[in-house]
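J.: Dropping in work_10.txt, which is compact mmCIF, C-alpha atoms:
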# COMPACT_ATOMS: atom_id res chain seq x y z
CA MET O 1 -27.94 -6.16 31.43
CA ILE O 2 -27.44 -6.09 35.20
CA ASP O 3 -29.63 -3.55 36.96
CA SER O 4 -27.87 -1.10 39.24
CA ARG O 5 -28.45 -1.83 42.93
CA TYR O 6 -27.17 1.49 44.20
CA GLU O 7 -27.61 5.11 43.31
CA TRP O 8 -24.49 7.21 43.59
CA LYS O 9 -24.96 10.37 45.58
CA LYS O 10 -22.42 13.15 45.45
CA GLY O 11 -21.24 14.32 48.83
CA PRO O 12 -21.49 17.91 50.02
CA GLN O 13 -19.10 20.36 48.44
CA THR O 14 -16.15 21.11 50.68
CA ASP O 15 -15.27 24.66 51.54
CA GLN O 16 -12.60 25.78 49.06
CA ASP O 17 -10.78 27.94 51.59
CA GLN O 18 -10.66 25.08 54.09
CA THR O 19 -9.42 22.70 51.41
CA LYS O 20 -6.69 25.11 50.32
CA LYS O 21 -5.52 25.75 53.89
CA LEU O 22 -5.35 22.03 54.69
CA ALA O 23 -3.48 21.32 51.44
CA GLU O 24 -0.91 24.00 52.22
CA ALA O 25 -0.52 22.90 55.84
CA LEU O 26 0.16 19.31 54.81
CA ASN O 27 1.98 20.07 51.56
CA LEU O 28 -0.56 18.00 49.64
CA SER O 29 -2.65 18.55 46.56
CA GLU O 30 -6.07 20.11 47.04
CA LEU O 31 -7.65 16.92 45.69
CA VAL O 32 -6.10 14.85 48.48
CA ALA O 33 -7.03 17.51 51.02
CA GLU O 34 -10.63 17.43 49.81
CA ILE O 35 -10.74 13.64 50.17
CA LEU O 36 -9.37 13.90 53.70
CA ILE O 37 -11.97 16.49 54.66
CA ASN O 38 -14.77 14.37 53.22
CA ARG O 39 -13.53 11.45 55.34
CA GLY O 40 -13.65 13.52 58.50
CA TYR O 41 -9.97 14.44 58.72
CA ASP O 42 -10.69 18.14 58.47
CA THR O 43 -7.85 19.54 60.57
CA LYS O 44 -4.08 19.29 60.30
CA GLU O 45 -3.86 17.27 63.52
CA LYS O 46 -6.52 14.75 62.46
CA ALA O 47 -5.01 14.34 59.01
CA GLU O 48 -1.46 13.90 60.30
CA ASN O 49 -2.58 11.30 62.85
CA PHE O 50 -4.21 9.39 59.99
CA LEU O 51 -1.40 9.79 57.46
CA LYS O 52 1.60 9.52 59.81
CA PRO O 53 0.63 7.47 62.85
CA GLY O 54 3.18 6.40 65.43
CA PRO O 55 3.23 4.05 68.42
CA GLU O 56 1.87 6.86 70.57
CA ASN O 57 -1.35 6.64 68.56
CA LEU O 58 -2.14 3.16 69.88
CA TYR O 59 -4.61 2.79 72.73
CA ASP O 60 -3.66 1.18 76.01
CA PRO O 61 -4.55 -2.54 75.66
CA TYR O 62 -5.84 -2.64 79.22
CA LEU O 63 -8.77 -0.45 78.19
CA MET O 64 -10.21 -3.57 76.54
CA HIS O 65 -12.67 -5.81 78.38
CA ASP O 66 -11.07 -8.63 80.43
CA MET O 67 -7.56 -7.83 79.19
CA LYS O 68 -6.03 -7.94 82.65
CA LYS O 69 -8.00 -11.01 83.72
CA GLY O 70 -7.16 -12.89 80.53
CA THR O 71 -3.47 -12.01 80.41
CA ASP O 72 -3.05 -12.75 84.13
CA ARG O 73 -4.42 -16.26 83.50
CA ILE O 74 -2.02 -16.74 80.59
CA ARG O 75 0.92 -15.58 82.73
CA THR O 76 -0.08 -18.06 85.43
CA ALA O 77 -0.08 -20.85 82.86
CA ILE O 78 3.39 -19.84 81.69
CA VAL O 79 4.82 -19.71 85.22
CA GLU O 80 3.29 -23.08 86.15
CA GLY O 81 4.34 -24.75 82.91
CA GLN O 82 0.77 -25.48 81.81
CA LYS O 83 0.34 -26.41 78.16
CA ILE O 84 -1.40 -23.64 76.21
CA THR O 85 -3.07 -24.18 72.86
CA VAL O 86 -3.85 -21.21 70.63
CA TYR O 87 -7.07 -22.01 68.79
CA GLY O 88 -7.22 -20.01 65.58
CA ASP O 89 -9.15 -19.79 62.33
CA TYR O 90 -8.49 -20.72 58.72
CA ASP O 91 -8.77 -17.31 57.02
CA ALA O 92 -6.08 -14.64 56.73
CA ASP O 93 -7.22 -12.81 59.84
CA GLY O 94 -7.30 -16.04 61.83
CA LEU O 95 -3.92 -17.26 60.60
CA THR O 96 -2.17 -13.99 61.37
CA SER O 97 -3.93 -13.81 64.77
CA THR O 98 -2.65 -17.29 65.57
CA SER O 99 0.89 -16.35 64.56
CA ILE O 100 0.86 -13.17 66.65
CA MET O 101 -0.34 -14.93 69.79
CA TYR O 102 1.87 -18.01 69.32
CA GLU O 103 4.99 -15.91 68.78
CA ALA O 104 4.25 -13.81 71.86
CA LEU O 105 3.76 -16.91 74.01
CA THR O 106 6.91 -18.63 72.79
CA GLN O 107 8.85 -15.41 73.38
CA LEU O 108 7.68 -15.57 77.00
CA GLY O 109 8.82 -19.18 77.33
CA ALA O 110 5.37 -20.76 77.33
CA GLU O 111 4.78 -24.41 76.61
CA CYS O 112 2.38 -23.89 73.76
CA ASP O 113 0.95 -25.26 70.57
CA TYR O 114 -1.62 -24.03 68.06
CA TYR O 115 -4.56 -25.48 66.18
CA ILE O 116 -6.05 -24.24 62.91
CA PRO O 117 -9.51 -25.73 62.31
CA ASN O 118 -10.23 -27.42 59.00
CA ARG O 119 -12.93 -25.44 57.24
CA PHE O 120 -14.79 -28.55 56.09
CA ASP O 121 -14.21 -30.97 58.97
CA ASP O 122 -14.18 -28.65 62.00
CA GLY O 123 -16.17 -25.65 60.81
CA TYR O 124 -15.74 -22.16 62.20
CA GLY O 125 -15.10 -21.41 65.83
CA PRO O 126 -14.73 -23.65 68.89
CA ASN O 127 -15.49 -27.30 68.13
CA LYS O 128 -16.30 -29.67 70.99
CA ASP O 129 -14.68 -32.71 69.38
CA VAL O 130 -11.49 -30.77 68.66
CA TYR O 131 -11.43 -29.37 72.18
CA LYS O 132 -11.73 -32.93 73.50
CA ARG O 133 -8.72 -34.04 71.41
CA LEU O 134 -6.67 -31.06 72.54
CA ILE O 135 -7.49 -31.67 76.20
CA ASP O 136 -6.77 -35.41 75.85
CA ASN O 137 -3.37 -34.42 74.44
CA GLY O 138 -2.53 -32.38 77.53
CA THR O 139 -3.85 -28.88 76.85
CA GLN O 140 -4.52 -27.07 80.14
CA LEU O 141 -5.45 -23.63 78.78
CA ILE O 142 -7.07 -22.70 75.47
CA VAL O 143 -6.60 -19.22 74.05
CA THR O 144 -8.84 -18.45 71.08
CA VAL O 145 -7.94 -15.87 68.45
CA ASP O 146 -10.38 -14.43 65.87
CA ASN O 147 -13.16 -16.64 67.26
CA GLY O 148 -14.81 -17.76 70.46
CA VAL O 149 -17.84 -15.65 71.32
CA ALA O 150 -20.18 -18.13 69.58
CA GLY O 151 -18.57 -21.24 71.04
CA HIS O 152 -20.90 -22.02 73.94
CA GLU O 153 -20.92 -25.83 73.70
CA ALA O 154 -17.18 -26.35 73.29
CA ILE O 155 -16.29 -23.81 75.96
CA GLU O 156 -18.76 -25.33 78.42
CA PHE O 157 -17.23 -28.75 77.72
CA ALA O 158 -13.73 -27.41 78.40
CA LYS O 159 -14.91 -25.90 81.67
CA GLU O 160 -16.38 -29.25 82.73
CA GLN O 161 -12.96 -30.79 82.12
CA GLY O 162 -11.29 -28.17 84.30
CA VAL O 163 -9.72 -26.35 81.37
CA ASP O 164 -10.05 -22.57 81.18
CA VAL O 165 -10.69 -20.76 77.90
CA VAL O 166 -9.47 -17.21 77.30
CA ILE O 167 -11.27 -15.73 74.29
CA THR O 168 -9.80 -13.01 72.09
CA ASP O 169 -12.29 -12.11 69.40
CA HIS O 170 -13.77 -9.22 67.44
CA HIS O 171 -16.94 -10.67 65.87
CA GLU O 172 -20.48 -9.50 66.59
CA LEU O 173 -21.60 -10.43 70.07
CA PRO O 174 -24.39 -13.00 70.58
CA GLN O 175 -27.24 -12.25 72.95
CA GLU O 176 -25.63 -14.55 75.50
CA LEU O 177 -21.87 -14.79 75.91
CA PRO O 178 -20.16 -18.13 76.59
CA ASP O 179 -18.98 -18.91 80.11
CA ALA O 180 -15.29 -18.47 79.33
CA TYR O 181 -12.66 -17.56 81.91
CA ALA O 182 -12.13 -14.22 80.13
CA ILE O 183 -13.44 -12.59 76.96
CA ILE O 184 -11.05 -10.04 75.51
CA HIS O 185 -13.22 -8.12 73.04
CA PRO O 186 -13.35 -4.46 71.94
CA LYS O 187 -17.16 -4.37 71.76
CA ILE O 188 -17.84 -5.44 75.36
CA PRO O 189 -18.01 -2.43 77.68
CA ASN O 190 -15.81 -2.24 80.77
CA ASP O 191 -16.89 -0.89 84.12
CA ASP O 192 -14.99 2.27 83.16
CA GLY O 193 -16.62 2.55 79.71
CA ASP O 194 -16.23 1.25 76.19
CA TYR O 195 -12.96 0.51 74.40
CA PRO O 196 -12.42 3.62 72.23
CA PHE O 197 -12.50 1.75 68.90
CA GLU O 198 -14.71 -1.27 68.18
CA GLY O 199 -13.51 -1.99 64.64
CA LEU O 200 -10.38 -4.01 65.39
CA SER O 201 -9.71 -7.17 63.41
CA GLY O 202 -9.00 -10.50 65.06
CA ALA O 203 -5.31 -9.85 64.43
CA GLY O 204 -5.72 -6.41 65.98
CA VAL O 205 -7.18 -7.89 69.17
CA ALA O 206 -4.46 -10.54 69.30
CA PHE O 207 -1.88 -7.78 68.82
CA LYS O 208 -3.32 -5.83 71.77
CA ALA O 209 -3.21 -8.97 73.93
CA ALA O 210 0.38 -9.62 72.85
CA THR O 211 1.26 -6.02 73.74
CA ALA O 212 -0.17 -6.51 77.22
CA LEU O 213 1.61 -9.84 77.71
CA LEU O 214 4.99 -8.57 76.52
CA GLU O 215 4.56 -5.19 78.23
CA GLU O 216 5.73 -3.52 75.04
CA ILE O 217 4.59 -3.16 71.44
CA PRO O 218 5.65 -6.30 69.55
CA GLN O 219 7.26 -4.56 66.59
CA GLU O 220 8.02 -7.91 64.97
CA ALA O 221 4.28 -8.67 64.78
CA LEU O 222 3.22 -5.46 63.05
CA ASP O 223 3.47 -7.00 59.58
CA LEU O 224 1.15 -9.84 60.58
CA CYS O 225 -1.24 -7.39 62.19
CA ALA O 226 -1.39 -5.34 58.98
CA ILE O 227 -2.19 -8.40 56.85
CA GLY O 228 -4.94 -9.56 59.21
CA THR O 229 -6.40 -6.08 59.47
CA VAL O 230 -6.59 -5.47 55.73
CA ALA O 231 -7.93 -8.98 55.12
CA GLY O 232 -10.68 -8.35 57.67
CA PHE O 233 -12.40 -5.86 55.34
CA GLY O 234 -13.28 -3.56 58.22
CA SER O 235 -12.91 0.12 58.93
CA VAL O 236 -9.37 1.47 59.07
CA GLY O 237 -10.52 4.83 60.36
CA GLY O 238 -9.98 6.26 63.78
CA ARG O 239 -7.10 8.17 65.33
CA LYS O 240 -5.71 5.30 67.39
CA SER O 241 -7.10 2.28 65.65
CA ARG O 242 -6.63 0.00 62.70
CA SER O 243 -5.19 2.68 60.42
CA CYS O 244 -2.23 3.00 62.78
CA GLN O 245 -1.69 -0.77 62.86
CA VAL O 246 -1.83 -0.98 59.07
CA ARG O 247 0.51 1.98 58.55
CA LEU O 248 3.10 0.76 61.06
CA GLY O 249 2.77 -2.76 59.67
CA GLY O 250 3.47 -1.41 56.19
CA PHE O 251 6.74 0.04 57.45
CA ALA O 252 7.57 -3.30 59.08
CA PHE O 253 7.38 -5.08 55.72
CA ASN O 254 10.60 -3.35 54.69
CA GLY O 255 12.60 -5.26 57.27
CA THR O 256 10.78 -8.55 57.74
CA ASP O 257 11.97 -11.98 56.64
CA ARG O 258 8.33 -12.94 56.08
CA THR O 259 7.77 -10.62 53.11
CA ALA O 260 8.17 -13.39 50.53
CA CYS O 261 5.32 -15.28 52.17
CA PHE O 262 2.90 -12.46 51.39
CA ILE O 263 3.64 -12.06 47.68
Could you take the file, read its structure, and then write that structure out as C-alpha cells?

T.:
Amino acid sequence: MIDSRYEWKKGPQTDQDQTKKLAEALNLSELVAEILINRGYDTKEKAENFLKPGPENLYDPYLMHDMKKGTDRIRTAIVEGQKITVYGDYDADGLTSTSIMYEALTQLGAECDYYIPNRFDDGYGPNKDVYKRLIDNGTQLIVTVDNGVAGHEAIEFAKEQGVDVVITDHHELPQELPDAYAIIHPKIPNDDGDYPFEGLSGAGVAFKAATALLEEIPQEALDLCAIGTVAGFGSVGGRKSRSCQVRLGGFAFNGTDRTACFI
C-alpha cells in the first residue's frame, strides 16, 4: 500500500449569508458560490471578472520589463530587413509561444524564421552551437520565447558576433541575468514597479509582446495562448491575468481553423 504524502485539511466554513447573496447576484448555485468565495472571489465584481473576462481585463503589455526596448529592437529589424529567428522550445508552451511570435512577425512583414530545439540533441534553452548555425545562416536578431534567462553562454556568443538577443521568458530568474539586448519577463521589476501578475506562461509573455508589436490584441492568437497557458500548469488566477487569456482563448476555439490540431 502506498502511504499518503499529504493530509487533507478542510478550509474554513464560508458565511452562509455571504454565499447565498453571491449565488443570487450571479444566478449560480450556492455550491459554486462557495467555491468562488473559497478561491478569493468573494464579491460580485471579482467573480464576474474571473468568470466573464473581456479584453479590458488584460494588462497593458508595456508594464512588463523591457517591453518597449525589446519591441523597438524588433521593429528596427523589420524596417531594416534584418533576418529574425524565433528561438522556441519543444513543449506545448514553447511551441505555442513560437507560433504566436512567428505569426505576429510575419504579419508585420518581417523576414523571419523559427527554430525548435531538439530535446535530445540541443537540450533546453539557448544552445551555443545552434546559435552559431543560425548566425552562419544569416540570422541578425534572435528572439527567444519560453526560454532565455538561463542562456548565458549562447547569448554572450551571439553578442560577440554582433547579433542581439531579445528574450521573452517566464521561468524562474537566475541570480545573474544574461547580457541580452532586452529581457521581457513578468518577474523582473521595472523602474515604476512590478508587473501586476507574475504567473504568465511563456505563451502568455509572447502574447503580450505580440500585442505590443501589433498595437492591438491579436485575436487570432488567443487559441494558441490558451493552449500554452493550460499546458504550463501554472496559476490561472488573477483579475487581469492567465484566466482571462484562457477564457478568451476558449471562445476563439469556436472559430479557428486550428481546432483539429488540438484534438

J.: List as JSON, numbers by chain the protein and nucleic acid residues near Val163 in chain O, meaning an atom at most 6 Å away when all atoms listed in the file are counted, but skip any in the same chain fewer than 2 places from it.

T.: {"O": [140, 141, 158, 159, 161]}

J.: What is the CA of Ser29 in chain O to CA of Leu58 in chain O distance in Å?

T.: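 One can read the CA of Ser29 in chain O to CA of Leu58 in chain O distance as 27.9 Å.
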
J.: Given all atoms listed in the file as the basis, pick out the residue of O:Val79, O:Leu177, O:Ile184, O:Ile116 nearest to Met64 in chain O.

T.: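 Of O:Val79, O:Leu177, O:Ile184, O:Ile116, the one nearest Met64 in chain O is O:Ile184, counting all atoms listed in the file.
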
J.: For Tyr124 in chain O, which residue out of O:Asp60, O:Gly202, O:Val86, O:Gly148 is the nearest one, using only C-alpha atoms?

T.: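 For Tyr124 in chain O, the nearest of the given residues is O:Gly148.
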
J.: Of the candidates O:Ala203, O:Ala25, O:Ile84, O:Val32, which one gets nearest to Asp146 in chain O if we count only C-alpha atoms?

T.: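 Checking each candidate against Asp146 in chain O, we get O:Ala203 as the closest.
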
J.: Excluding Pro61 in chain O and its own-chain neighbours fewer than 3 positions away, which residues fall within 12 Å of it when counting all atoms listed in the file? Please give them as number ranges by chain.

T.: O: 58, 64-68, 70-71, 184-186, 195-197, 200, 204-217, 240-241

J.: Leaving out range 126-138 of chain O and any residue of its chain fewer than 3 positions from it, which residues lie within 7 Å of it when counting all atoms listed in the file, given as a PyMOL selection string?

T.: chain O and resi 83+122+148+151+153-154+157-158

J.: I'd like the contact shell of range 36-44 of chain O - 12 Å cut-off, only C-alpha atoms, skipping same-chain residues fewer than 6 positions apart - returned as number ranges by chain.

T.: O: 10-30, 50-52, 235-239
